file target-v2.cif (mmCIF, C-alpha atoms)
data_work
#
loop_
_atom_site.group_PDB
_atom_site.id
_atom_site.type_symbol
_atom_site.label_atom_id
_atom_site.label_comp_id
_atom_site.auth_asym_id
_atom_site.auth_seq_id
_atom_site.Cartn_x
_atom_site.Cartn_y
_atom_site.Cartn_z
ATOM 1 C CA VAL A 221 0.000 0.000 0.000
ATOM 2 C CA ARG A 222 1.333 3.388 -0.939
ATOM 3 C CA GLU A 223 0.770 5.470 2.178
ATOM 4 C CA ASN A 224 2.780 8.549 1.133
ATOM 5 C CA ALA A 225 0.343 9.713 -1.551
ATOM 6 C CA ALA A 226 -0.424 13.013 0.193
ATOM 7 C CA ALA A 227 3.275 13.843 0.593
ATOM 8 C CA SER A 228 3.895 12.927 -3.044
ATOM 9 C CA TYR A 229 1.070 15.217 -4.155
ATOM 10 C CA ARG A 230 2.471 18.070 -2.077
ATOM 11 C CA GLU A 231 5.997 17.608 -3.413
ATOM 12 C CA GLY A 232 4.940 17.523 -7.055
ATOM 13 C CA TYR A 233 2.195 20.125 -6.880
ATOM 14 C CA GLY A 234 4.064 23.179 -8.126
ATOM 15 C CA ALA A 235 5.677 21.543 -11.139
ATOM 16 C CA GLU A 236 2.581 19.538 -12.102
ATOM 17 C CA ARG A 237 0.277 22.561 -11.885
ATOM 18 C CA ALA A 238 2.651 24.725 -13.918
ATOM 19 C CA TRP A 239 2.979 22.066 -16.635
ATOM 20 C CA ALA A 240 -0.761 21.413 -16.804
ATOM 21 C CA ARG A 241 -1.706 25.076 -17.011
ATOM 22 C CA ARG A 242 0.916 25.707 -19.659
ATOM 23 C CA ARG A 243 -0.058 22.711 -21.796
ATOM 24 C CA ARG A 244 -3.797 22.399 -21.123
ATOM 25 C CA GLY A 245 -4.915 25.648 -19.581
ATOM 26 C CA ARG A 246 -5.902 24.180 -16.221
ATOM 27 C CA PHE A 247 -4.641 21.747 -13.606
ATOM 28 C CA SER A 248 -7.137 18.878 -13.699
ATOM 29 C CA ILE A 249 -6.910 15.648 -11.717
ATOM 30 C CA PHE A 250 -8.787 12.402 -12.349
ATOM 31 C CA MET A 251 -8.803 10.418 -9.112
ATOM 32 C CA SER A 252 -8.539 7.607 -9.928
ATOM 33 C CA SER A 253 -8.331 5.751 -13.205
ATOM 34 C CA SER A 254 -6.680 2.541 -11.972
ATOM 35 C CA THR A 255 -7.241 2.225 -8.207
ATOM 36 C CA ASP A 256 -10.564 3.064 -6.599
ATOM 37 C CA PRO A 257 -10.001 5.796 -3.980
ATOM 38 C CA PHE A 258 -12.571 4.242 -1.631
ATOM 39 C CA LEU A 259 -11.471 0.642 -1.297
ATOM 40 C CA PRO A 260 -12.371 -0.987 2.047
ATOM 41 C CA GLN A 261 -8.796 -0.396 3.245
ATOM 42 C CA GLU A 262 -9.408 3.352 3.022
ATOM 43 C CA ARG A 263 -11.358 3.301 6.295
ATOM 44 C CA LEU A 264 -8.241 2.046 8.073
ATOM 45 C CA LEU A 265 -5.463 3.791 6.158
ATOM 46 C CA GLY A 266 -7.057 7.085 5.088
ATOM 47 C CA VAL A 267 -4.777 7.432 2.066
ATOM 48 C CA SER A 268 -7.363 9.089 -0.176
ATOM 49 C CA ARG A 269 -8.598 11.337 2.629
ATOM 50 C CA GLY A 270 -5.035 12.482 3.180
ATOM 51 C CA VAL A 271 -4.709 13.484 -0.467
ATOM 52 C CA LEU A 272 -8.054 15.280 -0.392
ATOM 53 C CA GLU A 273 -7.140 17.165 2.775
ATOM 54 C CA THR A 274 -3.883 18.261 1.147
ATOM 55 C CA MET A 275 -5.881 19.618 -1.785
ATOM 56 C CA ALA A 276 -7.551 22.058 0.594
ATOM 57 C CA ASP A 277 -4.175 23.823 0.869
ATOM 58 C CA LEU A 278 -2.885 23.016 -2.617
ATOM 59 C CA PRO A 279 -5.962 22.995 -4.841
ATOM 60 C CA PRO A 280 -6.207 21.749 -8.405
ATOM 61 C CA ASP A 281 -8.412 23.627 -10.838
ATOM 62 C CA LEU A 282 -10.630 20.578 -11.314
ATOM 63 C CA LEU A 283 -10.928 17.302 -9.431
ATOM 64 C CA VAL A 284 -12.925 14.376 -10.811
ATOM 65 C CA LEU A 285 -13.347 11.804 -8.057
ATOM 66 C CA GLN A 286 -14.237 8.455 -9.640
ATOM 67 C CA THR A 287 -15.405 5.519 -7.512
ATOM 68 C CA HIS A 288 -17.499 2.361 -7.487
ATOM 69 C CA SER A 289 -18.055 2.604 -3.756
ATOM 70 C CA PRO A 290 -20.869 4.222 -1.758
ATOM 71 C CA ALA A 291 -18.229 4.858 0.921
ATOM 72 C CA VAL A 292 -17.583 8.135 -0.884
ATOM 73 C CA ALA A 293 -20.651 9.465 0.943
ATOM 74 C CA GLU A 294 -18.697 9.198 4.208
ATOM 75 C CA ALA A 295 -16.416 11.969 2.909
ATOM 76 C CA ALA A 296 -19.322 14.304 2.121
ATOM 77 C CA ASP A 297 -18.320 17.027 4.607
ATOM 78 C CA LEU A 298 -14.780 17.179 3.247
ATOM 79 C CA LEU A 299 -15.965 17.131 -0.364
ATOM 80 C CA VAL A 300 -18.428 19.969 0.240
ATOM 81 C CA ASP A 301 -15.604 22.056 1.697
ATOM 82 C CA LEU A 302 -13.367 21.302 -1.285
ATOM 83 C CA ALA A 303 -16.145 22.127 -3.754
ATOM 84 C CA HIS A 304 -16.092 25.679 -2.415
ATOM 85 C CA ARG A 305 -12.393 25.933 -3.245
ATOM 86 C CA PHE A 306 -12.255 24.472 -6.778
ATOM 87 C CA ASP A 307 -14.343 22.649 -9.382
ATOM 88 C CA LEU A 308 -15.180 19.163 -8.138
ATOM 89 C CA ARG A 309 -17.241 16.357 -9.613
ATOM 90 C CA VAL A 310 -18.029 12.998 -8.060
ATOM 91 C CA HIS A 311 -18.309 10.211 -10.635
ATOM 92 C CA LEU A 312 -20.101 7.178 -9.192
ATOM 93 C CA SER A 313 -20.035 4.029 -11.327
ATOM 94 C CA ILE A 314 -23.343 2.164 -11.647
ATOM 95 C CA GLU A 315 -22.960 -0.217 -14.561
ATOM 96 C CA SER A 316 -26.474 -1.648 -14.666
ATOM 97 C CA ASP A 317 -29.661 -2.134 -12.683
ATOM 98 C CA ARG A 318 -28.510 -5.722 -12.010
ATOM 99 C CA ASP A 319 -26.399 -6.466 -8.970
ATOM 100 C CA ARG A 320 -24.496 -9.225 -10.768
ATOM 101 C CA LEU A 321 -24.240 -11.290 -13.919
ATOM 102 C CA PRO A 322 -24.487 -15.089 -13.596
ATOM 103 C CA GLY A 323 -21.085 -16.714 -13.517
ATOM 104 C CA LEU A 324 -19.231 -13.581 -12.420
ATOM 105 C CA PRO A 325 -18.340 -12.417 -8.900
ATOM 106 C CA PRO A 326 -20.749 -9.942 -7.293
ATOM 107 C CA PRO A 327 -19.708 -6.283 -7.175
ATOM 108 C CA ALA A 328 -18.345 -4.799 -3.980
ATOM 109 C CA ALA A 329 -21.458 -2.631 -3.559
ATOM 110 C CA SER A 330 -25.094 -2.991 -4.517
ATOM 111 C CA VAL A 331 -26.867 -0.845 -7.067
ATOM 112 C CA GLU A 332 -29.186 0.457 -4.350
ATOM 113 C CA GLY A 333 -26.273 1.365 -2.110
ATOM 114 C CA ARG A 334 -24.596 3.377 -4.833
ATOM 115 C CA MET A 335 -27.826 5.149 -5.755
ATOM 116 C CA ARG A 336 -28.342 6.117 -2.113
ATOM 117 C CA ALA A 337 -24.823 7.527 -2.018
ATOM 118 C CA ALA A 338 -25.464 9.532 -5.190
ATOM 119 C CA ARG A 339 -28.671 10.981 -3.740
ATOM 120 C CA HIS A 340 -26.926 11.876 -0.489
ATOM 121 C CA LEU A 341 -24.038 13.649 -2.187
ATOM 122 C CA ARG A 342 -26.293 15.506 -4.582
ATOM 123 C CA ALA A 343 -28.499 16.631 -1.691
ATOM 124 C CA ARG A 344 -25.361 18.155 -0.143
ATOM 125 C CA GLY A 345 -24.951 20.291 -3.257
ATOM 126 C CA LEU A 346 -22.173 18.307 -4.912
ATOM 127 C CA ALA A 347 -22.030 17.688 -8.659
ATOM 128 C CA VAL A 348 -22.711 13.972 -9.104
ATOM 129 C CA TRP A 349 -22.359 12.108 -12.378
ATOM 130 C CA VAL A 350 -23.248 8.458 -12.729
ATOM 131 C CA THR A 351 -20.870 6.622 -15.035
ATOM 132 C CA VAL A 352 -22.532 3.589 -16.586
ATOM 133 C CA SER A 353 -19.123 2.095 -17.162
ATOM 134 C CA PRO A 354 -18.612 -0.474 -18.398
ATOM 135 C CA LEU A 355 -22.178 -0.652 -19.648
ATOM 136 C CA LEU A 356 -23.633 -4.031 -18.683
ATOM 137 C CA PRO A 357 -27.026 -5.483 -19.681
ATOM 138 C CA VAL A 358 -29.824 -3.404 -18.178
ATOM 139 C CA ALA A 359 -33.042 -5.233 -17.332
ATOM 140 C CA ASP A 360 -35.365 -2.201 -17.423
ATOM 141 C CA PRO A 361 -33.676 0.722 -19.205
ATOM 142 C CA GLU A 362 -36.590 3.157 -18.863
ATOM 143 C CA THR A 363 -36.830 2.721 -15.091
ATOM 144 C CA PHE A 364 -33.054 2.630 -14.664
ATOM 145 C CA PHE A 365 -32.417 5.956 -16.342
ATOM 146 C CA ALA A 366 -35.472 7.544 -14.760
ATOM 147 C CA ARG A 367 -33.980 6.674 -11.376
ATOM 148 C CA LEU A 368 -30.565 7.981 -12.367
ATOM 149 C CA ALA A 369 -32.180 11.268 -13.386
ATOM 150 C CA GLU A 370 -33.369 11.613 -9.784
ATOM 151 C CA CYS A 371 -29.956 11.121 -8.185
ATOM 152 C CA ALA A 372 -27.426 12.447 -10.714
ATOM 153 C CA ASP A 373 -26.694 15.659 -12.574
ATOM 154 C CA ALA A 374 -25.474 13.742 -15.638
ATOM 155 C CA VAL A 375 -24.706 10.256 -16.906
ATOM 156 C CA VAL A 376 -21.879 8.902 -19.033
ATOM 157 C CA LEU A 377 -22.273 5.619 -20.928
ATOM 158 C CA ASP A 378 -19.058 3.821 -21.719
ATOM 159 C CA HIS A 379 -19.101 0.413 -23.449
ATOM 160 C CA PHE A 380 -16.055 -1.857 -23.241
ATOM 161 C CA ILE A 381 -15.700 -1.326 -27.001
ATOM 162 C CA GLU A 382 -13.889 2.023 -27.168
ATOM 163 C CA GLY A 383 -13.710 2.041 -23.377
ATOM 164 C CA ASP A 384 -11.125 -0.571 -22.418
ATOM 165 C CA GLY A 385 -8.148 1.095 -24.068
ATOM 166 C CA THR A 386 -8.508 -0.759 -27.380
ATOM 167 C CA PRO A 387 -10.691 0.418 -30.287
ATOM 168 C CA ASP A 388 -12.455 -2.938 -30.702
ATOM 169 C CA GLY A 389 -12.585 -4.080 -27.088
ATOM 170 C CA ARG A 390 -10.137 -6.927 -27.624
ATOM 171 C CA ARG A 391 -8.774 -6.614 -24.093
ATOM 172 C CA THR A 392 -12.207 -7.269 -22.608
ATOM 173 C CA ARG A 393 -13.064 -9.917 -25.179
ATOM 174 C CA ALA A 394 -10.229 -12.003 -23.722
ATOM 175 C CA THR A 395 -12.117 -12.161 -20.404
ATOM 176 C CA ALA A 396 -15.312 -13.912 -19.272
ATOM 177 C CA LEU A 397 -17.341 -10.697 -19.325
ATOM 178 C CA PRO A 398 -18.610 -10.696 -22.939
ATOM 179 C CA ALA A 399 -19.971 -14.260 -22.694
ATOM 180 C CA ALA A 400 -21.723 -13.407 -19.430
ATOM 181 C CA MET A 401 -23.240 -10.297 -21.027
ATOM 182 C CA GLU A 402 -24.480 -12.184 -24.085
ATOM 183 C CA ALA A 403 -26.014 -14.928 -21.928
ATOM 184 C CA VAL A 404 -28.159 -12.319 -20.186
ATOM 185 C CA GLU A 405 -28.820 -9.935 -23.094
ATOM 186 C CA PRO A 406 -27.930 -11.052 -26.633
ATOM 187 C CA GLY A 407 -26.397 -8.178 -28.549
ATOM 188 C CA SER A 408 -25.274 -6.290 -25.451
ATOM 189 C CA THR A 409 -21.625 -6.637 -26.487
ATOM 190 C CA THR A 410 -22.178 -4.356 -29.496
ATOM 191 C CA LEU A 411 -22.067 -0.606 -29.866
ATOM 192 C CA ALA A 412 -25.590 -0.781 -31.261
ATOM 193 C CA TYR A 413 -26.761 -1.818 -27.795
ATOM 194 C CA ARG A 414 -24.926 1.115 -26.249
ATOM 195 C CA ASP A 415 -26.465 3.515 -28.746
ATOM 196 C CA ARG A 416 -29.929 2.185 -28.026
ATOM 197 C CA LEU A 417 -29.490 2.825 -24.319
ATOM 198 C CA VAL A 418 -28.019 6.250 -25.009
ATOM 199 C CA GLU A 419 -31.320 7.218 -26.614
ATOM 200 C CA VAL A 420 -33.237 5.996 -23.561
ATOM 201 C CA ALA A 421 -30.924 8.010 -21.306
ATOM 202 C CA ARG A 422 -31.410 11.141 -23.418
ATOM 203 C CA ARG A 423 -35.161 10.979 -22.903
ATOM 204 C CA HIS A 424 -34.703 11.096 -19.149
ATOM 205 C CA LEU A 425 -31.668 13.407 -18.943
ATOM 206 C CA PRO A 426 -31.875 15.717 -21.967
ATOM 207 C CA GLY A 427 -28.626 17.567 -22.549
ATOM 208 C CA ARG A 428 -26.946 15.680 -19.705
ATOM 209 C CA VAL A 429 -25.789 12.485 -21.427
ATOM 210 C CA GLY A 430 -22.228 11.846 -22.492
ATOM 211 C CA VAL A 431 -20.675 8.923 -24.338
ATOM 212 C CA SER A 432 -17.264 7.381 -23.737
ATOM 213 C CA VAL A 433 -14.252 9.709 -23.670
ATOM 214 C CA ASP A 434 -16.287 12.768 -24.682
ATOM 215 C CA GLY A 435 -18.671 12.160 -21.811
ATOM 216 C CA PHE A 436 -15.911 11.865 -19.225
ATOM 217 C CA ALA A 437 -14.531 15.158 -20.550
ATOM 218 C CA GLY A 438 -17.904 16.835 -20.008
ATOM 219 C CA ARG A 439 -19.013 17.008 -23.622
ATOM 220 C CA PHE A 440 -22.681 16.036 -23.739
ATOM 221 C CA LEU A 441 -24.933 15.099 -26.601
ATOM 222 C CA PRO A 442 -27.334 17.858 -27.679
#

call {"tool": "encode", "arguments": {"input": "target-v2.cif", "output": "structure tokens"}}
result
Amino acid sequence: VRENAAASYREGYGAERAWARRRRGRFSIFMSSSTDPFLPQERLLGVSRGVLETMADLPPDLLVLQTHSPAVAEAADLLVDLAHRFDLRVHLSIESDRDRLPGLPPPAASVEGRMRAARHLRARGLAVWVTVSPLLPVADPETFFARLAECADAVVLDHFIEGDGTPDGRRTRATALPAAMEAVEPGSTTLAYRDRLVEVARRHLPGRVGVSVDGFAGRFLP
């Protein structure tokens, strides 16, 4: 476990901010693309909280806090304080209205638990986006996106095709996920399925739906 993350952020802050503002116009941080900042160990170690507390003194221009865990709601007070200092978005991943796909391990948190966390954070005035990523088979798309419209400011749909770092999803196709998806919803491993659900989402969240990389960057469909 890397426990010196806050010190590392502090040490690199000046140079990283200068480079980012020079090259991109603002110092933006995506936390975190590879390791969830609210793993169960966070309650004991407080690594992510330490980084966030350091940001109160050394703020980025934008922080996108990405997590699969409803434990993010436990940091609501700190996040509200930070949102008064710089632009902050909470991205909460809810991949489907199903808690699991047959043959695959269950997720660490239930759909209901994550929706409750989204509602709580939004009620505190935080910007909350639900990232349907990776998009899994949805049993009742109309109800699913209607519920997301009640707890999120925006949604981003990201299929494993175009979303796993390869243009055709070959990295994910080498895993058990595609077969599990097809067993539940034939055709769900295609971009046509994603596009169909995008249209459902747009009916419930007009002007607040993004797709793949553009969506994560805050570029929504008209």

call {"tool": "closest_atom_pairs", "arguments": {"input": "target-v2.cif", "of": "range 294-331 of chain A", "to": "range 250-263 of chain A", "cutoff": "10 Å", "atoms": "all atoms listed in the file", "output": "Markdown table"}}
result
| residue | atom | partner | partner_atom | distance |
| --- | --- | --- | --- | --- |
| A:Glu294 | CA | A:Arg263 | CA | 9.6 |
| A:Ala295 | CA | A:Phe258 | CA | 9.8 |
| A:Arg309 | CA | A:Phe250 | CA | 9.7 |
| A:Val310 | CA | A:Met251 | CA | 9.6 |
| A:His311 | CA | A:Met251 | CA | 9.6 |
| A:Ala328 | CA | A:Leu259 | CA | 9.2 |

call {"tool": "closest_atom_pairs", "arguments": {"input": "target-v2.cif", "of": "range 264-370 of chain A", "to": "range 223-239 of chain A", "cutoff": "10 Å", "atoms": "all atoms listed in the file", "output": "Markdown table"}}
result
| residue | atom | partner | partner_atom | distance |
| --- | --- | --- | --- | --- |
| A:Leu265 | CA | A:Glu223 | CA | 7.6 |
| A:Gly266 | CA | A:Glu223 | CA | 8.5 |
| A:Val267 | CA | A:Glu223 | CA | 5.9 |
| A:Ser268 | CA | A:Ala225 | CA | 7.9 |
| A:Arg269 | CA | A:Ala226 | CA | 8.7 |
| A:Gly270 | CA | A:Ala226 | CA | 5.5 |
| A:Val271 | CA | A:Ala226 | CA | 4.4 |
| A:Leu272 | CA | A:Ala226 | CA | 8.0 |
| A:Glu273 | CA | A:Ala226 | CA | 8.3 |
| A:Thr274 | CA | A:Ala226 | CA | 6.4 |
| A:Met275 | CA | A:Arg230 | CA | 8.5 |
| A:Asp277 | CA | A:Arg230 | CA | 9.3 |
| A:Leu278 | CA | A:Tyr233 | CA | 7.2 |
| A:Pro279 | CA | A:Tyr233 | CA | 8.9 |
| A:Pro280 | CA | A:Arg237 | CA | 7.4 |
| A:Asp281 | CA | A:Arg237 | CA | 8.8 |

call {"tool": "closest_residue", "arguments": {"input": "target-v2.cif", "among": "A:Glu362, A:Asp307, A:Asp301, A:Asp384", "to": "Leu425 in chain A", "atoms": "all atoms listed in the file"}}
result
A:Glu362

call {"tool": "resolve_selection", "arguments": {"input": "target-v2.cif", "expression": "the PyMOL selection byres ((chain A and resi 322) around 9)", "output": "MDAnalysis selection string"}}
result
chainID A and resid 320:321 323:326 400:401 403:404

call {"tool": "resolve_selection", "arguments": {"input": "target-v2.cif", "expression": "the PyMOL selection byres ((chain A and resi 314) around 9)", "output": "list in words"}}
result
His288, Leu312, Ser313, Glu315, Ser316, Asp317, Ser330, Val331, Arg334, Met335, Val350, Thr351, Val352, Ser353, Pro354 and Leu355 of chain A

call {"tool": "atom_distance", "arguments": {"input": "target-v2.cif", "atom1": "CA of His424 in chain A", "atom2": "CA of Phe365 in chain A"}}
result
6.3 Å

call {"tool": "closest_atom_pairs", "arguments": {"input": "target-v2.cif", "of": "range 282-379 of chain A", "to": "range 413-417 of chain A", "cutoff": "9 Å", "atoms": "all atoms listed in the file", "output": "JSON lines"}}
result
{"residue": "A:Leu355", "atom": "CA", "partner": "A:Arg414", "partner_atom": "CA", "distance": 7.4}
{"residue": "A:Pro357", "atom": "CA", "partner": "A:Tyr413", "partner_atom": "CA", "distance": 8.9}
{"residue": "A:Val358", "atom": "CA", "partner": "A:Leu417", "partner_atom": "CA", "distance": 8.8}
{"residue": "A:Pro361", "atom": "CA", "partner": "A:Leu417", "partner_atom": "CA", "distance": 6.9}
{"residue": "A:Glu362", "atom": "CA", "partner": "A:Leu417", "partner_atom": "CA", "distance": 9.0}
{"residue": "A:Leu377", "atom": "CA", "partner": "A:Arg414", "partner_atom": "CA", "distance": 7.5}
{"residue": "A:Asp378", "atom": "CA", "partner": "A:Arg414", "partner_atom": "CA", "distance": 7.9}
{"residue": "A:His379", "atom": "CA", "partner": "A:Arg414", "partner_atom": "CA", "distance": 6.5}

call {"tool": "atom_distance", "arguments": {"input": "target-v2.cif", "atom1": "CA of Ala437 in chain A", "atom2": "CA of Val300 in chain A"}}
result
21.7 Å

call {"tool": "closest_residue", "arguments": {"input": "target-v2.cif", "among": "A:Ser248, A:Arg393, A:Gly345, A:Ser408", "to": "Leu285 in chain A", "atoms": "all atoms listed in the file"}}
result
A:Ser248

call {"tool": "atom_distance", "arguments": {"input": "target-v2.cif", "atom1": "CA of Val348 in chain A", "atom2": "CA of Val375 in chain A"}}
result
8.9 Å

call {"tool": "residues_around", "arguments": {"input": "target-v2.cif", "residues": "Leu302 in chain A", "least_positions_apart": "4", "cutoff": "8 Å", "atoms": "all atoms listed in the file", "output": "MDAnalysis selection string"}}
result
chainID A and resid 275:276 298 306 308

call {"tool": "residues_around", "arguments": {"input": "target-v2.cif", "residues": "Glu332 in chain A", "least_positions_apart": "5", "cutoff": "10 Å", "atoms": "all atoms listed in the file", "output": "VMD selection string"}}
result
chain A and resid 290 314 317 to 319 337 to 338

call {"tool": "write_last_selection", "arguments": {"input": "target-v2.cif", "atoms": "C-alpha atoms", "output": "PDB file, in the frame of the given file"}}
result
ATOM      1  CA  PRO A 290     -20.869   4.222  -1.758  1.00  0.00           C
ATOM      2  CA  ILE A 314     -23.343   2.164 -11.647  1.00  0.00           C
ATOM      3  CA  ASP A 317     -29.661  -2.134 -12.683  1.00  0.00           C
ATOM      4  CA  ARG A 318     -28.510  -5.722 -12.010  1.00  0.00           C
ATOM      5  CA  ASP A 319     -26.399  -6.466  -8.970  1.00  0.00           C
ATOM      6  CA  ALA A 337     -24.823   7.527  -2.018  1.00  0.00           C
ATOM      7  CA  ALA A 338     -25.464   9.532  -5.190  1.00  0.00           C
TER       8      ALA A 338
END

call {"tool": "residues_near_point", "arguments": {"input": "target-v2.cif", "point": "(-29.8, 12.6, -10.6)", "cutoff": "8 Å", "atoms": "all atoms listed in the file", "output": "list in words"}}
result
Ala338, Arg339, Arg342, Val348, Trp349, Arg367, Leu368, Ala369, Glu370, Cys371, Ala372, Asp373 and Ala374 of chain A

call {"tool": "residues_around", "arguments": {"input": "target-v2.cif", "residues": "Arg423 in chain A", "least_positions_apart": "3", "cutoff": "9 Å", "atoms": "only C-alpha atoms", "output": "VMD selection string"}}
result
chain A and resid 362 365 to 366 418 to 420 426

call {"tool": "closest_residue", "arguments": {"input": "target-v2.cif", "among": "A:Val431, A:Arg243, A:Gly333, A:Glu405", "to": "Ala359 in chain A", "atoms": "all atoms listed in the file"}}
result
A:Glu405

call {"tool": "resolve_selection", "arguments": {"input": "target-v2.cif", "expression": "the PyMOL selection byres ((chain A and resi 392) around 12)", "output": "mmCIF file with C-alpha atoms, in the coordinates of the input"}}
result
data_model
loop_
_atom_site.group_PDB
_atom_site.id
_atom_site.type_symbol
_atom_site.label_atom_id
_atom_site.label_comp_id
_atom_site.auth_asym_id
_atom_site.auth_seq_id
_atom_site.Cartn_x
_atom_site.Cartn_y
_atom_site.Cartn_z
ATOM 1 C CA PRO A 354 -18.612 -0.474 -18.398
ATOM 2 C CA HIS A 379 -19.101 0.413 -23.449
ATOM 3 C CA PHE A 380 -16.055 -1.857 -23.241
ATOM 4 C CA ILE A 381 -15.700 -1.326 -27.001
ATOM 5 C CA GLU A 382 -13.889 2.023 -27.168
ATOM 6 C CA GLY A 383 -13.710 2.041 -23.377
ATOM 7 C CA ASP A 384 -11.125 -0.571 -22.418
ATOM 8 C CA GLY A 385 -8.148 1.095 -24.068
ATOM 9 C CA THR A 386 -8.508 -0.759 -27.380
ATOM 10 C CA PRO A 387 -10.691 0.418 -30.287
ATOM 11 C CA ASP A 388 -12.455 -2.938 -30.702
ATOM 12 C CA GLY A 389 -12.585 -4.080 -27.088
ATOM 13 C CA ARG A 390 -10.137 -6.927 -27.624
ATOM 14 C CA ARG A 391 -8.774 -6.614 -24.093
ATOM 15 C CA ARG A 393 -13.064 -9.917 -25.179
ATOM 16 C CA ALA A 394 -10.229 -12.003 -23.722
ATOM 17 C CA THR A 395 -12.117 -12.161 -20.404
ATOM 18 C CA ALA A 396 -15.312 -13.912 -19.272
ATOM 19 C CA LEU A 397 -17.341 -10.697 -19.325
ATOM 20 C CA PRO A 398 -18.610 -10.696 -22.939
ATOM 21 C CA ALA A 399 -19.971 -14.260 -22.694
ATOM 22 C CA ALA A 400 -21.723 -13.407 -19.430
ATOM 23 C CA MET A 401 -23.240 -10.297 -21.027
ATOM 24 C CA THR A 409 -21.625 -6.637 -26.487
#

call {"tool": "decode", "arguments": {"input": "target-v2.cif", "residues": "range 327-332 of chain A", "atoms": "all heavy atoms", "output": "PDB file, in the first residue's frame"}}
result
ATOM      1  N   PRO A 327     -20.462  -7.523  -7.386  1.00  0.00           N
ATOM      2  CA  PRO A 327     -19.708  -6.283  -7.175  1.00  0.00           C
ATOM      3  C   PRO A 327     -19.506  -6.018  -5.692  1.00  0.00           C
ATOM      4  O   PRO A 327     -20.164  -6.628  -4.836  1.00  0.00           O
ATOM      5  CB  PRO A 327     -20.604  -5.216  -7.816  1.00  0.00           C
ATOM      6  CG  PRO A 327     -21.985  -5.778  -7.697  1.00  0.00           C
ATOM      7  CD  PRO A 327     -21.829  -7.270  -7.864  1.00  0.00           C
ATOM      8  N   ALA A 328     -18.623  -5.115  -5.383  1.00  0.00           N
ATOM      9  CA  ALA A 328     -18.345  -4.799  -3.980  1.00  0.00           C
ATOM     10  C   ALA A 328     -19.497  -4.059  -3.314  1.00  0.00           C
ATOM     11  O   ALA A 328     -19.620  -4.077  -2.091  1.00  0.00           O
ATOM     12  CB  ALA A 328     -17.077  -3.970  -3.883  1.00  0.00           C
ATOM     13  N   ALA A 329     -20.347  -3.405  -4.119  1.00  0.00           N
ATOM     14  CA  ALA A 329     -21.458  -2.631  -3.559  1.00  0.00           C
ATOM     15  C   ALA A 329     -22.692  -2.831  -4.425  1.00  0.00           C
ATOM     16  O   ALA A 329     -22.600  -2.995  -5.639  1.00  0.00           O
ATOM     17  CB  ALA A 329     -21.094  -1.152  -3.493  1.00  0.00           C
ATOM     18  N   SER A 330     -23.844  -2.791  -3.793  1.00  0.00           N
ATOM     19  CA  SER A 330     -25.094  -2.991  -4.517  1.00  0.00           C
ATOM     20  C   SER A 330     -25.473  -1.751  -5.322  1.00  0.00           C
ATOM     21  O   SER A 330     -25.015  -0.644  -5.040  1.00  0.00           O
ATOM     22  CB  SER A 330     -26.226  -3.319  -3.532  1.00  0.00           C
ATOM     23  OG  SER A 330     -26.528  -2.176  -2.744  1.00  0.00           O
ATOM     24  N   VAL A 331     -26.330  -1.971  -6.293  1.00  0.00           N
ATOM     25  CA  VAL A 331     -26.867  -0.845  -7.067  1.00  0.00           C
ATOM     26  C   VAL A 331     -27.593   0.120  -6.139  1.00  0.00           C
ATOM     27  O   VAL A 331     -27.412   1.338  -6.221  1.00  0.00           O
ATOM     28  CB  VAL A 331     -27.799  -1.362  -8.179  1.00  0.00           C
ATOM     29  CG1 VAL A 331     -28.534  -0.206  -8.846  1.00  0.00           C
ATOM     30  CG2 VAL A 331     -27.011  -2.159  -9.213  1.00  0.00           C
ATOM     31  N   GLU A 332     -28.421  -0.403  -5.258  1.00  0.00           N
ATOM     32  CA  GLU A 332     -29.186   0.457  -4.350  1.00  0.00           C
ATOM     33  C   GLU A 332     -28.264   1.272  -3.454  1.00  0.00           C
ATOM     34  O   GLU A 332     -28.504   2.458  -3.202  1.00  0.00           O
ATOM     35  CB  GLU A 332     -30.143  -0.383  -3.511  1.00  0.00           C
ATOM     36  CG  GLU A 332     -31.328  -0.933  -4.274  1.00  0.00           C
ATOM     37  CD  GLU A 332     -32.202   0.159  -4.872  1.00  0.00           C
ATOM     38  OE1 GLU A 332     -32.372   1.224  -4.232  1.00  0.00           O
ATOM     39  OE2 GLU A 332     -32.703  -0.045  -5.990  1.00  0.00           O
TER      40      GLU A 332
END
